[in-house]
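Peer 1: Below: one structure in structure tokens.
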Amino acid sequence: MKDASNLTHSADATTVEEALAADNHQGVVDSEGATALAMQNTLLTPRFYTTDFDEMDAINVEPVREDWDKLIERMKSDPNKGHFKKNEDWESVDWENMEPKLKAEFIDFLVSSCTAEFSGCVLYKEMKRRGNNDDIVTLFQLMARDEARHAGFINDALREAGIAVNLGFLTQKKKYTYFRPKFIYYATYLSEKIGYARYITIYRHLEANPEHRFHPIFKWFREWCNDEFSHGEAFALLMKTDPKLTETWQNKLWIKFFLTAVYSTMYVRDHQRPAFHAALGVDPDWYAHEVFTKTSEITKQIFPITLDIENPRWQKGLEAMQRANADLADAKKNGQFFKRIGAMVRAGSAFIGLYTIPAVKHQVPVTTRLEPAY
Ligand SMILES: [Fe+2]
Ligand SMILES: [Fe+2]
């Protein structure tokens, strides 16, 4: 193992420990605002998770051995080593003169992306630390390495704006939410795959419309999303080892719950950033529909149901939920108790409306194996 003190950047690190010890994760500048933002725990902000690590450590990957070994082999070969750092393609960014609303929303986007990346890193690293099962420990080490690089790279971008998220502080002080392992599989699998769909949709859009690329970080999104795609593949294989996870009717209801929660959270969250999407030249409704379509197509590899996003109730429900959340934020800011309760009830009933749209059923293939195709 290389001496961490000689490393200059998380992008070149081969382990999560090296990545976190790299220069660009240290020397935090005025980070109070960003860290406070990252510390928030609401329904809409990225959380940190903990789980029953012993149960996860007991997974036997023999049933999916062939695909497993191929995936691990590819992750070990590390095609993105050295990728997540600035190079000659990184144009300087005029943060000073950025339109204030765009600047605020873009910083919010970067901080929340960094927190989400780091949330994965912390969970995977902890699994790697606690585990004894070689297969599991190897996988989680590789995924933690990638997430530490991703988070480090976003912090590089934030640092240019004079801020950074204090990751060490977050690890110690942010609240951890307990999820039993099966919920970790559903939630993490989905967040990796929807992360892939989000990054690749923006990347392809900006490839066709480069005049909207207002920040160089978007140029890195293709390789980035391939990492997330592989992480999702790993969770698909983990779920495949235990057919109960995706086949019993109770678990199908849980899958539907997580699909609905992840999709609707994304919708509401993105609609809070109108200036950011306008700068990208992206209509957030179009974007949401694109991302849901891609994610649904991908999740057919393991989930026996997808949400009926073409049902007219779907878009209406999302809009109702978004309005309720906007009112909720307003009521919170102005200390209006009854308005707040009313908005919460409306958000809850919008969610139930979305959840009760009949799902689309389909046959799951024998192997989960997929390649990034978008
Ligand atoms: Fe990531
Ligand atoms: Fe990931």
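We label chains A, B, ... in the order they appear in the structure tokens, count residues from 1 in each chain, and number ligands from 1 in the order shown.
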Excluding Leu206 of chain A and its own-chain neighbours fewer than 4 positions away, which residues fall within 12 Å of it when counting only C-alpha atoms? Please give them as a PyMOL selection string.

Peer 2: chain A and resi 199-202+210-222+277+279-282

Peer 1: Taking 6 positions as the minimum chain separation for residues in the same chain, which residues sit within 10 Å of Trp254 of chain A when counting only C-alpha atoms? Answer as a list of chain:residue names.

Peer 2: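 That gives A:Lys182, A:Phe183, A:Tyr186, A:Leu245, A:Thr246, A:Thr248, A:Thr260.
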
Peer 1: Please report, as an NGL selection string, each residue of segment 81-271 of chain A to which DSSP assigns helix (DSSP H, G or I) when run on this structure's backbone.

Peer 2: :A and (100-130 or 134-160 or 167-173 or 181-208 or 210-212 or 216-240 or 244-247 or 249-271)

Peer 1: Neighbours of ligand 2 within 7 Å, counting only C-alpha atoms and all ligand atoms, as JSON, numbers by chain?

Peer 2: {"A": [117, 120, 143, 147, 192, 227, 228, 231]}

Peer 1: Residues near Leu71 of chain A, anyone? I mean within 9 Å using only C-alpha atoms, not counting same-chain ones fewer than 3 positions away, as a compact mmCIF listing (two decimals) with N, CA and C atoms, in the first residue's frame.

Peer 2:
```
# COMPACT_ATOMS: atom_id res chain seq x y z
N GLU A 66 -20.59 -16.48 -11.37
CA GLU A 66 -19.96 -16.14 -12.64
C GLU A 66 -20.05 -14.63 -12.93
N ASP A 67 -21.27 -14.09 -12.80
CA ASP A 67 -21.45 -12.66 -13.05
C ASP A 67 -20.73 -11.82 -12.00
N TRP A 68 -20.74 -12.33 -10.79
CA TRP A 68 -20.08 -11.63 -9.69
C TRP A 68 -18.59 -11.43 -9.98
N ARG A 74 -13.82 -6.34 -13.28
CA ARG A 74 -13.85 -5.07 -13.98
C ARG A 74 -13.64 -3.89 -13.02
N MET A 75 -14.26 -3.99 -11.85
CA MET A 75 -14.09 -2.90 -10.89
C MET A 75 -12.65 -2.82 -10.40
N LYS A 76 -12.02 -4.00 -10.25
CA LYS A 76 -10.62 -4.01 -9.81
C LYS A 76 -9.71 -3.43 -10.89
N SER A 230 -22.10 0.33 -12.37
CA SER A 230 -21.50 -0.89 -11.80
C SER A 230 -21.95 -1.13 -10.37
N GLU A 233 -25.19 -2.65 -10.50
CA GLU A 233 -25.09 -4.06 -10.90
C GLU A 233 -24.77 -4.95 -9.70
N ALA A 234 -23.89 -4.46 -8.84
CA ALA A 234 -23.52 -5.24 -7.67
C ALA A 234 -24.73 -5.48 -6.76
```
